[in-house]
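Source file: query_5.pdb. Holds: PDB, C-alpha atoms.
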ATOM      1  CA  MET T   1     177.984  67.788 217.272
ATOM      2  CA  SER T   2     175.586  69.790 219.460
ATOM      3  CA  ILE T   3     172.504  67.931 218.192
ATOM      4  CA  ILE T   4     171.721  64.506 219.663
ATOM      5  CA  ARG T   5     168.699  62.574 218.417
ATOM      6  CA  TYR T   6     166.947  59.946 220.523
ATOM      7  CA  THR T   7     164.294  57.681 219.038
ATOM      8  CA  LEU T   8     162.167  55.467 221.294
ATOM      9  CA  ALA T   9     160.048  52.894 219.476
ATOM     10  CA  ILE T  10     157.542  50.530 221.072
ATOM     11  CA  ASP T  11     156.788  48.946 217.704
ATOM     12  CA  ALA T  12     156.890  49.881 214.019
ATOM     13  CA  ALA T  13     153.796  52.052 214.355
ATOM     14  CA  ASN T  14     154.597  53.739 217.666
ATOM     15  CA  SER T  15     157.802  55.742 217.931
ATOM     16  CA  ALA T  16     158.866  59.152 219.136
ATOM     17  CA  GLN T  17     161.943  61.196 218.297
ATOM     18  CA  PHE T  18     163.507  63.799 220.554
ATOM     19  CA  VAL T  19     166.089  66.273 219.256
ATOM     20  CA  ILE T  20     168.353  67.626 221.992
ATOM     21  CA  ASP T  21     170.528  70.645 221.358
ATOM     22  CA  THR T  22     173.213  70.505 224.035
ATOM     23  CA  GLU T  23     173.966  74.215 223.456
ATOM     24  CA  ARG T  24     170.393  75.475 223.849
ATOM     25  CA  THR T  25     169.901  78.530 226.004
ATOM     26  CA  CYS T  26     166.168  78.189 226.570
ATOM     27  CA  SER T  27     163.865  75.393 227.649
ATOM     28  CA  ALA T  28     162.582  72.781 225.241
ATOM     29  CA  GLN T  29     158.915  73.564 225.956
ATOM     30  CA  ASP T  30     157.032  76.834 225.911
ATOM     31  CA  ALA T  31     156.316  77.881 229.476
ATOM     32  CA  ALA T  32     152.840  79.080 228.505
ATOM     33  CA  THR T  33     151.734  75.537 227.616
ATOM     34  CA  ALA T  34     153.679  73.676 230.319
ATOM     35  CA  PRO T  35     151.888  71.514 232.917
ATOM     36  CA  ALA T  36     151.295  72.832 236.418
ATOM     37  CA  TRP T  37     153.973  70.630 238.015
ATOM     38  CA  THR T  38     156.686  72.670 236.236
ATOM     39  CA  ALA T  39     155.854  75.824 238.244
ATOM     40  CA  LEU T  40     159.007  76.987 240.006
ATOM     41  CA  ASN T  41     157.335  77.245 243.415
ATOM     42  CA  HIS T  42     155.950  73.678 243.148
ATOM     43  CA  HIS T  43     158.426  71.672 245.257
ATOM     44  CA  GLN T  44     161.150  74.206 244.513
ATOM     45  CA  CYS T  45     164.581  72.966 245.591
ATOM     46  CA  PRO T  46     165.831  74.421 248.889
ATOM     47  CA  GLY T  47     168.631  76.821 248.069
ATOM     48  CA  CYS T  48     167.487  77.335 244.481
ATOM     49  CA  PRO T  49     168.969  80.668 243.347
ATOM     50  CA  LEU T  50     165.991  81.420 241.097
ATOM     51  CA  SER T  51     163.299  83.791 242.307
ATOM     52  CA  ALA T  52     159.777  82.383 242.090
ATOM     53  CA  GLN T  53     157.401  84.693 240.239
ATOM     54  CA  PRO T  54     153.705  83.932 239.577
ATOM     55  CA  ASP T  55     154.392  82.509 236.094
ATOM     56  CA  SER T  56     157.996  81.324 236.513
ATOM     57  CA  ARG T  57     158.912  77.708 235.728
ATOM     58  CA  CYS T  58     161.578  75.329 236.948
ATOM     59  CA  PRO T  59     163.974  75.126 233.962
ATOM     60  CA  ALA T  60     164.813  71.465 234.630
ATOM     61  CA  ALA T  61     161.158  70.444 234.896
ATOM     62  CA  LEU T  62     160.264  72.511 231.835
ATOM     63  CA  ASP T  63     162.941  70.778 229.767
ATOM     64  CA  ILE T  64     161.697  67.261 230.502
ATOM     65  CA  ALA T  65     157.967  68.026 230.512
ATOM     66  CA  HIS T  66     157.299  67.101 226.864
ATOM     67  CA  ILE T  67     159.054  63.747 227.341
ATOM     68  CA  VAL T  68     157.375  62.917 230.623
ATOM     69  CA  GLU T  69     153.922  63.830 229.340
ATOM     70  CA  GLN T  70     154.349  61.628 226.266
ATOM     71  CA  PHE T  71     155.175  58.488 228.260
ATOM     72  CA  ARG T  72     153.191  59.136 231.430
ATOM     73  CA  GLU T  73     150.714  56.305 230.826
ATOM     74  CA  LEU T  74     153.285  53.591 230.075
ATOM     75  CA  PRO T  75     154.780  51.270 232.728
ATOM     76  CA  SER T  76     158.488  51.038 233.505
ATOM     77  CA  CYS T  77     158.668  47.483 232.175
ATOM     78  CA  GLN T  78     157.418  48.417 228.685
ATOM     79  CA  THR T  79     159.958  47.137 226.139
ATOM     80  CA  VAL T  80     161.304  49.783 223.753
ATOM     81  CA  HIS T  81     163.972  50.002 221.088
ATOM     82  CA  VAL T  82     166.197  53.014 221.707
ATOM     83  CA  GLN T  83     168.428  54.648 219.142
ATOM     84  CA  ALA T  84     170.699  57.576 219.943
ATOM     85  CA  LEU T  85     172.362  59.357 217.042
ATOM     86  CA  ILE T  86     175.413  61.324 218.178
ATOM     87  CA  GLY T  87     177.435  62.832 215.369
ATOM     88  CA  GLU T  88     178.486  59.974 213.118
ATOM     89  CA  ARG T  89     177.822  57.333 215.765
ATOM     90  CA  THR T  90     174.631  55.436 216.430
ATOM     91  CA  HIS T  91     173.931  53.709 219.749
ATOM     92  CA  SER T  92     170.966  51.343 219.955
ATOM     93  CA  MET T  93     169.550  48.705 222.261
ATOM     94  CA  HIS T  94     166.354  46.963 223.306
ATOM     95  CA  THR T  95     165.574  47.756 226.903
ATOM     96  CA  ASP T  96     162.780  48.734 229.272
ATOM     97  CA  LEU T  97     161.232  52.177 229.195
ATOM     98  CA  GLN T  98     162.650  53.126 232.582
ATOM     99  CA  THR T  99     166.240  52.590 231.385
ATOM    100  CA  ALA T 100     165.568  54.434 228.137
ATOM    101  CA  LEU T 101     164.108  57.418 229.967
ATOM    102  CA  GLN T 102     166.961  57.440 232.470
ATOM    103  CA  SER T 103     169.425  58.007 229.632
ATOM    104  CA  LEU T 104     167.259  60.517 227.755
ATOM    105  CA  LEU T 105     166.167  62.511 230.816
ATOM    106  CA  GLY T 106     169.708  62.493 232.166
ATOM    107  CA  LEU T 107     170.931  64.190 228.989
ATOM    108  CA  MET T 108     168.074  66.693 228.994
ATOM    109  CA  LEU T 109     168.699  67.636 232.622
ATOM    110  CA  ALA T 110     172.477  67.919 232.256
ATOM    111  CA  THR T 111     172.052  70.369 229.366
ATOM    112  CA  SER T 112     169.169  72.340 230.862
ATOM    113  CA  THR T 113     169.387  75.922 232.072
ATOM    114  CA  CYS T 114     168.990  74.844 235.704
ATOM    115  CA  PRO T 115     171.736  76.780 237.532
ATOM    116  CA  ILE T 116     172.835  73.570 239.307
ATOM    117  CA  LEU T 117     172.508  70.882 236.645
ATOM    118  CA  SER T 118     173.881  73.054 233.832
ATOM    119  CA  ARG T 119     177.356  72.612 235.334
ATOM    120  CA  MET T 120     177.280  69.156 233.695
ATOM    121  CA  LYS T 121     176.933  70.590 230.194
ATOM    122  CA  GLY T 122     180.650  69.990 229.502
ATOM    123  CA  PRO T 123     180.676  66.185 229.927
ATOM    124  CA  ALA T 124     177.152  66.016 228.476
ATOM    125  CA  ARG T 125     178.641  67.212 225.176
ATOM    126  CA  LEU T 126     180.328  63.793 225.106
ATOM    127  CA  HIS T 127     177.132  61.996 226.067
ATOM    128  CA  MET T 128     177.389  58.229 226.521
ATOM    129  CA  PRO T 129     173.957  56.552 226.376
ATOM    130  CA  PHE T 130     173.241  53.866 228.982
ATOM    131  CA  ALA T 131     176.537  54.538 230.801
ATOM    132  CA  SER T 132     177.478  52.338 233.765
ATOM    133  CA  VAL T 133     178.411  53.765 237.175
ATOM    134  CA  ASP T 134     182.125  53.305 236.470
ATOM    135  CA  GLU T 135     181.822  54.999 233.078
ATOM    136  CA  THR T 136     179.912  57.911 234.579
ATOM    137  CA  LEU T 137     182.389  58.246 237.435
ATOM    138  CA  PHE T 138     185.366  58.159 235.064
ATOM    139  CA  ARG T 139     183.897  60.856 232.833
ATOM    140  CA  MET T 140     182.834  63.140 235.679
ATOM    141  CA  VAL T 141     186.119  62.865 237.582
ATOM    142  CA  GLY T 142     188.035  63.443 234.349
ATOM    143  CA  ALA T 143     185.920  66.498 233.495
ATOM    144  CA  TYR T 144     186.331  67.875 237.016
ATOM    145  CA  MET T 145     190.116  67.401 237.033
ATOM    146  CA  ILE T 146     190.437  69.064 233.610
ATOM    147  CA  GLY T 147     188.579  72.021 235.089
ATOM    148  CA  GLN T 148     190.924  72.097 238.085
ATOM    149  CA  TYR T 149     193.987  71.909 235.837
ATOM    150  CA  LEU T 150     192.756  74.867 233.794
ATOM    151  CA  ARG T 151     192.019  76.793 236.998
ATOM    152  CA  GLY T 152     195.604  76.186 238.107
ATOM    153  CA  ARG T 153     196.944  77.340 234.736
ATOM    154  CA  SER T 154     195.108  80.622 235.199
ATOM    155  CA  GLY T 155     196.428  81.120 238.739
ATOM    156  CA  GLN T 156     193.248  80.155 240.611
ATOM    157  CA  THR T 157     193.053  77.797 243.572
ATOM    158  CA  THR T 158     192.504  74.134 242.755
ATOM    159  CA  ASP T 159     190.866  71.127 244.417
ATOM    160  CA  GLY T 160     192.825  67.916 244.122
ATOM    161  CA  SER T 161     190.774  66.177 246.817
ATOM    162  CA  LEU T 162     187.551  66.112 244.715
ATOM    163  CA  ARG T 163     185.719  67.683 247.648
ATOM    164  CA  GLY T 164     184.059  70.156 245.305
ATOM    165  CA  LEU T 165     182.837  67.332 243.079
ATOM    166  CA  ALA T 166     181.360  65.503 246.067
ATOM    167  CA  GLU T 167     179.591  68.688 247.159
ATOM    168  CA  PHE T 168     178.271  69.197 243.646
ATOM    169  CA  TYR T 169     176.768  65.691 243.597
ATOM    170  CA  GLU T 170     174.995  66.473 246.863
ATOM    171  CA  GLN T 171     173.372  69.410 245.061
ATOM    172  CA  VAL T 172     172.452  67.143 242.135
ATOM    173  CA  GLN T 173     170.814  64.734 244.563
ATOM    174  CA  ASN T 174     168.814  67.604 246.024
ATOM    175  CA  VAL T 175     167.540  68.592 242.565
ATOM    176  CA  ASN T 176     166.647  64.987 241.685
ATOM    177  CA  ARG T 177     164.750  64.512 244.951
ATOM    178  CA  HIS T 178     162.586  67.535 244.288
ATOM    179  CA  LEU T 179     162.039  66.617 240.652
ATOM    180  CA  LYS T 180     160.700  63.298 241.904
ATOM    181  CA  LYS T 181     158.341  65.154 244.251
ATOM    182  CA  ARG T 182     157.039  67.098 241.269
ATOM    183  CA  LEU T 183     156.482  63.920 239.258
ATOM    184  CA  ASP T 184     154.804  62.197 242.195
ATOM    185  CA  THR T 185     151.964  64.718 241.882
ATOM    186  CA  MET T 186     151.227  63.602 238.309
ATOM    187  CA  ALA T 187     148.634  61.050 237.375
ATOM    188  CA  GLY T 188     149.729  58.146 235.231
ATOM    189  CA  SER T 189     152.144  55.249 235.355
ATOM    190  CA  ASP T 190     155.601  55.003 236.897
ATOM    191  CA  ALA T 191     158.222  54.999 234.137
ATOM    192  CA  HIS T 192     159.148  58.682 234.392
ATOM    193  CA  THR T 193     159.317  58.607 238.203
ATOM    194  CA  ASN T 194     161.406  55.448 238.237
ATOM    195  CA  ALA T 195     163.772  56.990 235.696
ATOM    196  CA  ILE T 196     164.409  59.889 238.090
ATOM    197  CA  VAL T 197     164.844  57.402 240.947
ATOM    198  CA  SER T 198     167.449  55.619 238.810
ATOM    199  CA  LEU T 199     169.261  58.918 238.263
ATOM    200  CA  MET T 200     169.181  59.458 242.025
ATOM    201  CA  GLY T 201     170.671  56.014 242.522
ATOM    202  CA  MET T 202     173.405  56.724 239.995
ATOM    203  CA  SER T 203     174.278  59.987 241.777
ATOM    204  CA  MET T 204     174.400  58.187 245.116
ATOM    205  CA  LEU T 205     176.703  55.485 243.737
ATOM    206  CA  VAL T 206     179.024  58.070 242.209
ATOM    207  CA  SER T 207     179.146  59.954 245.516
ATOM    208  CA  PHE T 208     179.856  56.701 247.354
ATOM    209  CA  SER T 209     182.675  55.908 244.922
ATOM    210  CA  LEU T 210     184.230  59.310 245.580
ATOM    211  CA  ASP T 211     184.165  58.592 249.309
ATOM    212  CA  GLN T 212     185.909  55.299 248.607
ATOM    213  CA  ASN T 213     188.857  57.136 247.032
ATOM    214  CA  LEU T 214     187.946  56.069 243.517
ATOM    215  CA  GLU T 215     189.049  52.488 244.117
ATOM    216  CA  ASN T 216     186.561  51.328 241.506
ATOM    217  CA  LEU T 217     188.489  53.200 238.818
ATOM    218  CA  GLN T 218     191.935  51.817 239.609
ATOM    219  CA  PRO T 219     191.874  49.377 236.648
ATOM    220  CA  TYR T 220     191.296  52.306 234.266
ATOM    221  CA  ALA T 221     193.932  54.661 235.680
ATOM    222  CA  LEU T 222     196.851  55.914 233.608
ATOM    223  CA  THR T 223     199.874  54.382 235.348
ATOM    224  CA  SER T 224     202.580  56.674 236.657
ATOM    225  CA  GLY T 225     206.286  56.508 235.901
ATOM    226  CA  ARG T 226     208.470  56.992 232.846
ATOM    227  CA  ALA T 227     207.315  55.211 229.716
ATOM    228  CA  ASP T 228     210.151  53.211 228.140
ATOM    229  CA  ALA T 229     210.822  53.809 224.469
TER     230      ALA T 229
END

With the file now loaded, output its structure as structure tokens.
Amino acid sequence: MSIIRYTLAIDAANSAQFVIDTERTCSAQDAATAPAWTALNHHQCPGCPLSAQPDSRCPAALDIAHIVEQFRELPSCQTVHVQALIGERTHSMHTDLQTALQSLLGLMLATSTCPILSRMKGPARLHMPFASVDETLFRMVGAYMIGQYLRGRSGQTTDGSLRGLAEFYEQVQNVNRHLKKRLDTMAGSDAHTNAIVSLMGMSMLVSFSLDQNLENLQPYALTSGRADA
């Protein structure tokens, strides 16, 4: 189930399909034909572990470039029909372009080869289109705690406080901020930029929820105690 297909249709005559391989090991676009704003040293994230060479590209920017360029002239409010085919399941909805791109770009970024964002490849394998804040928080906390459990099983130190997850989301915010700076240098409309802003907002809300001791997820928690037969 590594292949996820997104189709965005404005009308019957105008649609675009994007095939995302969650297990890809290289960027979705050829660096030689990529736009200038994907250059690694163009608003490179502070602390980025990659070394900027004359022709090197930001892997996150390179992965979303073909999507951004295709919709750069359309406004955020443009109505689109979105269909996401994931294994044997199909998710679809009518929504605005900004929301559609938020879901599509979020998946592309989480499965990119960016050394920061690629840490989300695990939960991205169980991608949920158009996820709410609570759904995203539940999935990310669950994925993090599974990782901590497996670390403990192998004798490594574990983090039950979720401090590491909070620190990771600070890094995600840093990447999103600098992706937005890259997109701000493009000509065109605002849908792609607003989609990144929405991803920034989602990251902020998840971080805020972590600081609030996950109170938002209490209704979804597995209750403790012995289950009666």

Query - Nearest to Gln17 in chain T, chosen from T:Ala84, T:Val141, T:Val206, T:Ala131, with all atoms listed in the file counted in the distances - result: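 Counting all atoms listed in the file, the residue closest to Gln17 in chain T is T:Ala84.
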
Query raised in the report: At most 8 Å from (160.5, 70.7, 246.1), file frame, all atoms listed in the file: which residues, as a ChimeraX atom specification?
Result: /T:41-46,177-179,181-182

Report task. Go through the shown structure with the PyMOL selection byres ((chain T and resi 126) around 12) and write out the matching residues as a PyMOL selection string. Result -> chain T and resi 1-4+22+86-87+89+107+110-111+120-125+127-129+131+135-136+139-140+143

Report task. For the structure provided, state which residues fall under the PyMOL selection byres ((chain T and resi 60-69) around 6), and present them as a PyMOL selection string. Result -> chain T and resi 27-28+38+58-59+70-72+109+112+114+192

Export of prior selection with C-alpha atoms as a compact mmCIF listing (two decimals), in the coordinates of the input:
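Saved file part_19.txt follows:
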# COMPACT_ATOMS: atom_id res chain seq x y z
CA SER T 27 163.86 75.39 227.65
CA ALA T 28 162.58 72.78 225.24
CA THR T 38 156.69 72.67 236.24
CA CYS T 58 161.58 75.33 236.95
CA PRO T 59 163.97 75.13 233.96
CA GLN T 70 154.35 61.63 226.27
CA PHE T 71 155.18 58.49 228.26
CA ARG T 72 153.19 59.14 231.43
CA LEU T 109 168.70 67.64 232.62
CA SER T 112 169.17 72.34 230.86
CA CYS T 114 168.99 74.84 235.70
CA HIS T 192 159.15 58.68 234.39

Query raised in the report: Which of these, T:Asp190, T:Asp11, T:Asp55, T:Glu170, has the shortest distance to Leu40 in chain T once you count all atoms listed in the file?
Result: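 The answer is T:Asp55, which sits nearest to Leu40 in chain T.
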
Requested in this report: Write out as JSON, numbers by chain the residues lying within 8 Å of Ser92 in chain T, counting only C-alpha atoms and excluding same-chain residues fewer than 4 positions away.
Outcome: {"T": [81, 82, 83, 84]}

How big is the axis-aligned box around all listed atoms of range 99-103 of chain T once 8 Å goes on each side, and where's its centre, in Å to one decimal, as JSON?
{"center_x": 166.8, "center_y": 55.3, "center_z": 230.3, "size_x": 21.3, "size_y": 21.4, "size_z": 20.3}

**Report entry** Selection result for the PyMOL selection byres ((chain T and resi 197) around 10) on this file, as a PyMOL selection string
**Finding:** chain T and resi 98+102+176-177+179-180+191-196+198-203

**Report entry** Interatomic distance (Å, one decimal) between CA of Pro219 in chain T and CA of Asp134 in chain T
**Finding:** 10.5 Å

Requested in this report: Please measure the separation of CA of Pro115 in chain T and CA of Met186 in chain T, giving the value in Å to one decimal.
Outcome: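 About the pair CA of Pro115 in chain T and CA of Met186 in chain T: they are 24.4 Å apart.
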
Query raised in the report: Using all atoms listed in the file, which of the listed residues (T:Thr99, T:Ala52, T:Phe18, T:Ile10) sits closest to Ser132 in chain T?
Result: T:Thr99

Query raised in the report: Interatomic distance between CA of Tyr6 in chain T and CA of Leu217 in chain T?
Result: 29.1 Å
